[in-house]
Amino acid sequence: MAFMERVTMKEYIELYQKMNKNDEKCQKALAEAEKFLLKKKLTGIEKYYVRFFITLAGKDEESISECLQRICEVHQRQGYPVKKIEKCFVPVARGFYHLVRLFDETLFERVRLPEHKCFIKGFEEWQKKNDFPKGKQFYHYPEEMDEANLILQKPIPVIHRCKSYGRWMVDVEKFIDDLSDF
């Protein structure tokens, strides 16, 4: 994966997957990420997104905590929010915070919550205290539309990739098949 001028969230996740799978790929991905950080025209968002994955690979809870704090700060400095809700809720910071939990539960326990108005610390503390409750289906469709209920209750399938026109893409057909397989 080569870094581009604007990096997508999918590419950040691919970076972490490369780092996590084997040491050789990890070292290569880390070198590529460090090289990316040397660019002169980086936004704060780009800098701290990449730095987050570097520190996540190193399992450095202090640096991860610092990156989460900086992501909250630069999020608002760059003309965000696009939507008014993002003034008090930065989905990326919250997603990265939970990504740590997904990859390493013990590391997650040591990471500090950001001290920023756009990261609702009390909500995260409540979630931890209540063992991260899962939501329940809000809408229940009538019996003649029961397949919609089954789709909403089913876990999200694994996302597969396929090569299309020389580029790797999400295999939407496989995703739909897996989602609708009852």
# chains A, B, ... in the order shown; residues from 1 in each chain; ligands from 1
$ select_by_dssp --residues "segment 4-182 of chain A" --states "strand (DSSP E or B)" --output "list of chain:residue names"
A:Arg161, A:Cys162, A:Lys163, A:Ser164, A:Arg167, A:Trp168, A:Met169, A:Val170
$ residues_around --residues "segment 44-46 of chain A" --least-positions-apart "4" --cutoff "7 Å" --atoms "only C-alpha atoms" --output "MDAnalysis selection string"
chainID A and resid 50 71 74:75
$ residues_around --residues "Tyr48 of chain A" --least-positions-apart "2" --cutoff "10 Å" --atoms "only C-alpha atoms" --output "PyMOL selection string"
chain A and resi 37+42-46+50-54+64+66-72+74
$ residues_around --residues "segment 170-174 of chain A" --least-positions-apart "3" --cutoff "9 Å" --atoms "only C-alpha atoms" --output "ChimeraX atom specification"
/A:159-163,177-179
$ atom_distance --atom1 "atom CA of Leu102 of chain A" --atom2 "atom CA of Asn149 of chain A"
26.7 Å
$ residues_around --residues "Leu107 of chain A" --least-positions-apart "5" --cutoff "9 Å" --atoms "only C-alpha atoms" --output "mmCIF file with C-alpha atoms, in the first residue's frame"
data_model
loop_
_atom_site.group_PDB
_atom_site.id
_atom_site.type_symbol
_atom_site.label_atom_id
_atom_site.label_comp_id
_atom_site.auth_asym_id
_atom_site.auth_seq_id
_atom_site.Cartn_x
_atom_site.Cartn_y
_atom_site.Cartn_z
ATOM 1 C CA LYS A 59 1.802 -0.779 21.820
ATOM 2 C CA ASP A 60 2.791 2.489 23.469
ATOM 3 C CA GLU A 61 -0.201 3.531 25.568
ATOM 4 C CA VAL A 100 -7.310 -0.370 20.408
ATOM 5 C CA ARG A 101 -9.791 -2.517 22.362
#
